[in-house]
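Visitor: One structure, as structure tokens, below. Some questions next.
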Amino acid sequence: HVPVLEVDRLSLEFRVRGRVAEVLSAVSFDLRPGETLCLVGESGCGKSMTALAIMRLIPPLGHIGAGSVRLRGDNLADHDEEAMRQVRGNKISMIFQEPMTALNPVYTVGDQIAEPLRLHQGMGKAQARARAIDMLKSVGIPLPERRVDDYPHQMSGGMRQRVMIAIALACDPDVLIADEPTTALDVTVQAQIFDLLREQQARRGTAVLLITHDMGAVSEMADRVVVMYGGRVVEQGGVREILAHPSHPYTRGLIACLPELDREPTDIRPDLPEIPGVVPSVWERGSGCPFLERCGQAMPRCRDTFPPLTRVGGTQEVACWLYPEAKP
Ligand code: SF4
Ligand code: MG
């Protein structure tokens, strides 16, 4: 089957005062219709940058160096800004960690759900309002006829995230990118939001790219997993294979975090105490393996060359010199 989104050797550079930092290096993955692909790693690994690069919402100093993003076969690099505006919120939608900053405080939630419908689907005011009420109902907001005129501050965090999902799904996008969508919510509400995402995905056939640092969310949501470190894909494969046989030393460290599922959201740290050390800054990346400084199994060759992705199982690929297939 044809992937709905194909990210192929995508590179993103930042140029600051004559220095160039490679934020993403040859990131490749496919997203298939109706599946959930989890993009996993600590903060600073390039997950959110990948999402922004797909949406072509990269910060001013950023520059897409090479590679392509195809939506149903169309290369998005051929789209000008006007054409990209027709993609965003319509064919590819995004939800973020903190719905309060993504929602506009001066408009009602109904107006904010109606906006993409009016913009992309040419709906009139009354029709868009009726559809907004339907969307509120479908994302589980009680008394939608009344709540449609609420402002974001009149809602709880969980309700606001439901509203964000309603806005994102209003135009029935092919792809929903969810960037840490439950990190700011308490554990009970997190589970409800994941249930809602799964239910909406099943109903609409939306392909979901879920960005998370939480392996618990991965085990619950993912069909397939892409692990990123240092702006690169270091391991990928089906969720069962990855959870049962994590092969990259970094993935193994991430999975060591799984027993901590019941921690409170306030305890969630962007770094992983199980893996000593921190993610290298973009300025500290050399040509070798970005995990080098934190890896207990590093060898001399790890310093010189980034290992290529090598197949180690049915669907599983890993970029690490520990795997004999990768040795020259
Ligand atoms: Fe560790 Fe080397 Fe594998 Fe990198 S390539 S994860 S440094 S063993
Ligand atoms: Mg992020």
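Order determines the names: the first chain of the structure tokens is A, the second B, and so forth; residues in each chain are numbered 1 upward, and ligands are numbered 1 upward as they are shown.
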For Val189 of chain A, please output as a PDB file with N, CA and C atoms, in the first residue's frame all residues within 12 Å (counting only C-alpha atoms; exclusion window: fewer than 3 positions along the same chain).
Guide:
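Just written: out36.pdb:
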```
ATOM      1  N   SER A 156     -11.419  23.192  31.072  1.00  0.00           N
ATOM      2  CA  SER A 156     -10.280  22.529  31.721  1.00  0.00           C
ATOM      3  C   SER A 156      -9.223  22.193  30.661  1.00  0.00           C
ATOM      4  N   GLY A 157      -8.026  21.831  31.129  1.00  0.00           N
ATOM      5  CA  GLY A 157      -6.947  21.456  30.211  1.00  0.00           C
ATOM      6  C   GLY A 157      -7.334  20.300  29.294  1.00  0.00           C
ATOM      7  N   GLY A 158      -8.004  19.307  29.861  1.00  0.00           N
ATOM      8  CA  GLY A 158      -8.411  18.144  29.069  1.00  0.00           C
ATOM      9  C   GLY A 158      -9.435  18.519  28.001  1.00  0.00           C
ATOM     10  N   MET A 159     -10.386  19.389  28.389  1.00  0.00           N
ATOM     11  CA  MET A 159     -11.404  19.867  27.428  1.00  0.00           C
ATOM     12  C   MET A 159     -10.746  20.666  26.314  1.00  0.00           C
ATOM     13  N   ARG A 160      -9.759  21.498  26.689  1.00  0.00           N
ATOM     14  CA  ARG A 160      -9.070  22.301  25.662  1.00  0.00           C
ATOM     15  C   ARG A 160      -8.352  21.398  24.676  1.00  0.00           C
ATOM     16  N   GLN A 161      -7.741  20.302  25.198  1.00  0.00           N
ATOM     17  CA  GLN A 161      -7.064  19.405  24.262  1.00  0.00           C
ATOM     18  C   GLN A 161      -8.097  18.710  23.362  1.00  0.00           C
ATOM     19  N   ARG A 162      -9.277  18.424  23.885  1.00  0.00           N
ATOM     20  CA  ARG A 162     -10.352  17.873  23.038  1.00  0.00           C
ATOM     21  C   ARG A 162     -10.738  18.874  21.955  1.00  0.00           C
ATOM     22  N   PRO A 181       1.001  15.305  22.943  1.00  0.00           N
ATOM     23  CA  PRO A 181      -0.320  15.907  23.161  1.00  0.00           C
ATOM     24  C   PRO A 181      -0.848  15.767  24.578  1.00  0.00           C
ATOM     25  N   THR A 182      -0.241  14.904  25.394  1.00  0.00           N
ATOM     26  CA  THR A 182      -0.811  14.706  26.735  1.00  0.00           C
ATOM     27  C   THR A 182       0.158  15.054  27.855  1.00  0.00           C
ATOM     28  N   THR A 183       1.323  15.561  27.489  1.00  0.00           N
ATOM     29  CA  THR A 183       2.358  15.788  28.499  1.00  0.00           C
ATOM     30  C   THR A 183       1.912  16.772  29.587  1.00  0.00           C
ATOM     31  N   ALA A 184       1.086  17.771  29.216  1.00  0.00           N
ATOM     32  CA  ALA A 184       0.680  18.782  30.189  1.00  0.00           C
ATOM     33  C   ALA A 184      -0.548  18.344  31.002  1.00  0.00           C
ATOM     34  N   LEU A 185      -1.048  17.136  30.765  1.00  0.00           N
ATOM     35  CA  LEU A 185      -2.310  16.721  31.398  1.00  0.00           C
ATOM     36  C   LEU A 185      -2.052  15.679  32.479  1.00  0.00           C
ATOM     37  N   ASP A 186      -2.999  15.570  33.432  1.00  0.00           N
ATOM     38  CA  ASP A 186      -2.780  14.546  34.457  1.00  0.00           C
ATOM     39  C   ASP A 186      -3.085  13.159  33.881  1.00  0.00           C
ATOM     40  N   GLN A 192      -7.646   9.393  28.697  1.00  0.00           N
ATOM     41  CA  GLN A 192      -8.868   9.752  27.958  1.00  0.00           C
ATOM     42  C   GLN A 192      -8.525  10.341  26.591  1.00  0.00           C
ATOM     43  N   ILE A 193      -7.497  11.170  26.553  1.00  0.00           N
ATOM     44  CA  ILE A 193      -7.122  11.800  25.278  1.00  0.00           C
ATOM     45  C   ILE A 193      -6.600  10.732  24.302  1.00  0.00           C
ATOM     46  N   PHE A 194      -5.806   9.775  24.809  1.00  0.00           N
ATOM     47  CA  PHE A 194      -5.344   8.692  23.933  1.00  0.00           C
ATOM     48  C   PHE A 194      -6.521   7.859  23.426  1.00  0.00           C
ATOM     49  N   ASP A 195      -7.492   7.584  24.308  1.00  0.00           N
ATOM     50  CA  ASP A 195      -8.689   6.853  23.864  1.00  0.00           C
ATOM     51  C   ASP A 195      -9.403   7.621  22.757  1.00  0.00           C
ATOM     52  N   LEU A 196      -9.520   8.923  22.965  1.00  0.00           N
ATOM     53  CA  LEU A 196     -10.205   9.754  21.965  1.00  0.00           C
ATOM     54  C   LEU A 196      -9.457   9.731  20.628  1.00  0.00           C
ATOM     55  N   PRO A 265       2.667  13.599  36.352  1.00  0.00           N
ATOM     56  CA  PRO A 265       3.187  14.419  35.244  1.00  0.00           C
ATOM     57  C   PRO A 265       4.249  15.417  35.683  1.00  0.00           C
TER      58      PRO A 265
END
```
Visitor: Taking the DSSP secondary structure from the backbone, can you list the residues of segment 119-323 of chain A that are helix (DSSP H, G or I), as a ChimeraX atom specification?
Guide: /A:119-121,125-138,144-147,152-154,157-169,187-204,215-221,239-244,249-255,258-260,265-267,282-284,292-294,300-304
Visitor: Using only C-alpha atoms and all ligand atoms, what are the residues with an atom within 6 Å of ligand 2, set out as a PyMOL selection string?
Guide: chain A and resi 43+47-48
Visitor: Please dump the current selection as an mmCIF file, in the first residue's frame; keep N, CA and C atoms.
Guide:
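Output file out-v1.cif is given in full below:
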```cif
data_model
loop_
_atom_site.group_PDB
_atom_site.id
_atom_site.type_symbol
_atom_site.label_atom_id
_atom_site.label_comp_id
_atom_site.auth_asym_id
_atom_site.auth_seq_id
_atom_site.Cartn_x
_atom_site.Cartn_y
_atom_site.Cartn_z
ATOM 1 N N SER A 43 13.805 15.214 24.559
ATOM 2 C CA SER A 43 13.712 16.518 23.912
ATOM 3 C C SER A 43 15.096 16.915 23.419
ATOM 4 N N LYS A 47 12.619 15.565 17.180
ATOM 5 C CA LYS A 47 11.250 15.112 16.881
ATOM 6 C C LYS A 47 10.354 16.272 16.448
ATOM 7 N N SER A 48 10.321 17.315 17.274
ATOM 8 C CA SER A 48 9.448 18.453 16.935
ATOM 9 C C SER A 48 9.936 19.155 15.678
#
```
Visitor: Please return as a PDB file with C-alpha atoms, in the first residue's frame the residues found within 10 Å of ligand 1, counting only C-alpha atoms and all ligand atoms.
Guide:
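Full text of result.pdb as output:
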```pdb
ATOM      1  CA  TYR A 229      18.703  10.640  18.552  1.00  0.00           C
ATOM      2  CA  VAL A 234      18.730   5.372  15.115  1.00  0.00           C
ATOM      3  CA  SER A 247      18.559  -3.144  19.651  1.00  0.00           C
ATOM      4  CA  HIS A 248      20.103   0.315  19.774  1.00  0.00           C
ATOM      5  CA  PRO A 249      21.706   1.104  23.153  1.00  0.00           C
ATOM      6  CA  TYR A 250      19.606   4.290  23.245  1.00  0.00           C
ATOM      7  CA  THR A 251      16.336   2.443  22.633  1.00  0.00           C
ATOM      8  CA  GLY A 288      30.231   9.773  14.262  1.00  0.00           C
ATOM      9  CA  CYS A 289      27.450   8.262  16.324  1.00  0.00           C
ATOM     10  CA  PRO A 290      25.649  11.010  18.262  1.00  0.00           C
ATOM     11  CA  PHE A 291      25.088   8.617  21.207  1.00  0.00           C
ATOM     12  CA  LEU A 292      28.844   8.084  21.645  1.00  0.00           C
ATOM     13  CA  GLU A 293      29.318  10.039  24.873  1.00  0.00           C
ATOM     14  CA  ARG A 294      26.505   8.203  26.646  1.00  0.00           C
ATOM     15  CA  CYS A 295      27.045   4.736  25.241  1.00  0.00           C
ATOM     16  CA  GLY A 296      28.563   2.013  27.416  1.00  0.00           C
ATOM     17  CA  GLN A 297      29.555  -0.021  24.349  1.00  0.00           C
ATOM     18  CA  ALA A 298      31.273   2.577  22.205  1.00  0.00           C
ATOM     19  CA  MET A 299      34.195   1.473  20.017  1.00  0.00           C
ATOM     20  CA  PRO A 300      36.812   3.575  18.225  1.00  0.00           C
ATOM     21  CA  ARG A 301      34.958   3.491  14.907  1.00  0.00           C
ATOM     22  CA  CYS A 302      31.845   4.968  16.551  1.00  0.00           C
ATOM     23  CA  ARG A 303      33.657   8.305  16.748  1.00  0.00           C
ATOM     24  CA  ASP A 304      34.385   8.563  13.036  1.00  0.00           C
ATOM     25  CA  THR A 305      31.373   7.454  11.064  1.00  0.00           C
ATOM     26  CA  PHE A 306      27.663   7.347  11.661  1.00  0.00           C
ATOM     27  CA  PRO A 307      26.559   3.739  11.208  1.00  0.00           C
ATOM     28  CA  PRO A 308      24.061   3.048   8.409  1.00  0.00           C
ATOM     29  CA  VAL A 318      19.122  -0.131  13.653  1.00  0.00           C
ATOM     30  CA  ALA A 319      21.980   2.319  13.124  1.00  0.00           C
ATOM     31  CA  CYS A 320      24.722   1.071  15.445  1.00  0.00           C
ATOM     32  CA  TRP A 321      28.166  -0.437  14.858  1.00  0.00           C
ATOM     33  CA  LEU A 322      27.384  -3.234  17.342  1.00  0.00           C
ATOM     34  CA  TYR A 323      25.466  -5.054  14.635  1.00  0.00           C
ATOM     35  CA  ALA A 326      26.859  -2.903   9.533  1.00  0.00           C
TER      36      ALA A 326
END
```
Visitor: Please extract the residues of segment 14-186 of chain A with a backbone DSSP assignment of strand (DSSP E) and present them as a ChimeraX atom specification.
Guide: /A:14-16,19-31,36-40,62-71,74-75,92-95,175-179
Visitor: Would you pick out the contacts of Arg203 of chain A at 12 Å or less, using only C-alpha atoms, so that residues sharing its chain but fewer than 5 positions from it are not included, and give the list as a list in words?
Guide: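 Result of the neighbour search: Gly34, Ser138, Val139, Leu169, Asp172, Leu196, Leu197 and Arg198 of chain A.
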Visitor: Which residues are close to His63 of chain A, i.e. within 7 Å by only C-alpha atoms, leaving aside same-chain residues fewer than 2 positions away? Reply as a PDB file with N, CA and C atoms, in the first residue's frame.
Guide:
```pdb
ATOM      1  N   LEU A  12      17.870  19.301   7.860  1.00  0.00           N
ATOM      2  CA  LEU A  12      17.533  20.670   8.243  1.00  0.00           C
ATOM      3  C   LEU A  12      18.757  21.280   8.921  1.00  0.00           C
ATOM      4  N   GLU A  13      19.161  22.430   8.420  1.00  0.00           N
ATOM      5  CA  GLU A  13      20.346  23.095   8.981  1.00  0.00           C
ATOM      6  C   GLU A  13      19.946  24.433   9.578  1.00  0.00           C
ATOM      7  N   PHE A  14      20.706  24.840  10.567  1.00  0.00           N
ATOM      8  CA  PHE A  14      20.580  26.197  11.091  1.00  0.00           C
ATOM      9  C   PHE A  14      21.884  26.917  10.835  1.00  0.00           C
ATOM     10  N   LEU A  61      16.034  30.922  10.961  1.00  0.00           N
ATOM     11  CA  LEU A  61      17.413  30.609  10.614  1.00  0.00           C
ATOM     12  C   LEU A  61      17.561  29.196  10.043  1.00  0.00           C
ATOM     13  N   GLY A  65      18.010  21.431   3.899  1.00  0.00           N
ATOM     14  CA  GLY A  65      19.181  21.240   3.058  1.00  0.00           C
ATOM     15  C   GLY A  65      18.933  20.266   1.927  1.00  0.00           C
TER      16      GLY A  65
END
```
Visitor: Within 12 Å of Thr50 of chain A, counting only C-alpha atoms, which residues qualify if same-chain residues fewer than 3 places away don't, as a ChimeraX atom specification?
Guide: /A:7-13,23-29,39-40,44-47,53-58,62,64,68-69,177,179,209-211,226,228-233
Visitor: Report as a tab-separated table (two decimals) with C-alpha atoms, in the first residue's frame all protein, DNA and RNA residues lying within 7 Å of Val148 of chain A, evaluated on only C-alpha atoms, omitting residues in the same chain fewer than 5 positions from it.
Guide:
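File written: result.tsv
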```tsv
chain	number	residue	atom	x	y	z
A	108	THR	CA	-14.79	31.17	21.21
A	109	VAL	CA	-13.93	27.52	20.71
A	110	GLY	CA	-16.77	27.33	18.18
A	133	ILE	CA	-21.15	21.61	17.40
```
Visitor: Kindly indicate which residue among A:Glu180, A:Glu284, A:Glu6, A:Asp111 lies nearest to Glu42 of chain A, using only C-alpha atoms for the distances.
Guide: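 Under the stated criterion, the closest residue is A:Glu180.
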Visitor: My list of candidates is A:Cys171, A:Leu5, A:Leu76, A:Ala217. Which is closest to Leu119 of chain A when distances are computed with only C-alpha atoms?
Guide: A:Cys171
Visitor: Mind pulling up the distance from atom CA of Ile92 of chain A to atom CA of Gly216 of chain A?
Guide: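 Rounded to one decimal, the two atoms are 25.3 Å apart.
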Visitor: Record the distance separating atom CA of Val187 of chain A and atom CA of Met49 of chain A, expressed in Å with one decimal.
Guide: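 That distance, rounded to one decimal, is 26.1 Å.
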Visitor: How many Å separate atom CA of Thr310 of chain A from atom CA of Val4 of chain A?
Guide: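 Computed distance, atom CA of Thr310 of chain A to atom CA of Val4 of chain A, equals 24.2 Å.
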Visitor: Would you pick out the contacts of His120 of chain A at 10 Å or less, using only C-alpha atoms, so that residues sharing its chain but fewer than 3 positions from it are not included, and give the list as a ChimeraX atom specification?
Guide: /A:85-91,115-117,123,171
Visitor: Store the residues picked out above, limited to N, CA and C atoms, as a short mmCIF file (atom, residue, chain, number, x, y, z; two decimals), in the first residue's frame.
Guide:
```
data_model
loop_
_atom_site.label_atom_id
_atom_site.label_comp_id
_atom_site.auth_asym_id
_atom_site.auth_seq_id
_atom_site.Cartn_x
_atom_site.Cartn_y
_atom_site.Cartn_z
N ARG A 85 -0.43 26.70 2.87
CA ARG A 85 -1.55 27.07 3.75
C ARG A 85 -2.78 26.21 3.49
N GLN A 86 -2.91 25.72 2.26
CA GLN A 86 -4.03 24.82 1.94
C GLN A 86 -3.77 23.39 2.45
N VAL A 87 -2.51 23.10 2.74
CA VAL A 87 -2.17 21.78 3.30
C VAL A 87 -2.36 21.78 4.81
N ARG A 88 -1.84 22.83 5.45
CA ARG A 88 -1.88 22.89 6.92
C ARG A 88 -3.32 23.08 7.43
N GLY A 89 -3.68 22.23 8.39
CA GLY A 89 -5.01 22.33 8.98
C GLY A 89 -6.08 21.71 8.12
N ASN A 90 -5.70 21.24 6.94
CA ASN A 90 -6.66 20.69 5.99
C ASN A 90 -6.26 19.26 5.64
N LYS A 91 -5.04 19.10 5.10
CA LYS A 91 -4.56 17.76 4.77
C LYS A 91 -3.62 17.21 5.82
N GLU A 115 -13.18 27.99 11.87
CA GLU A 115 -12.23 28.70 10.99
C GLU A 115 -11.66 27.82 9.87
N PRO A 116 -11.08 26.64 10.18
CA PRO A 116 -10.57 25.83 9.06
C PRO A 116 -11.67 25.38 8.10
N LEU A 117 -12.88 25.19 8.62
CA LEU A 117 -13.98 24.76 7.75
C LEU A 117 -14.36 25.86 6.77
N MET A 123 -17.23 26.69 3.83
CA MET A 123 -18.54 26.67 4.52
C MET A 123 -18.96 28.07 4.93
N CYS A 171 -11.42 19.19 9.20
CA CYS A 171 -11.39 19.03 7.74
C CYS A 171 -11.03 17.61 7.31
#
```
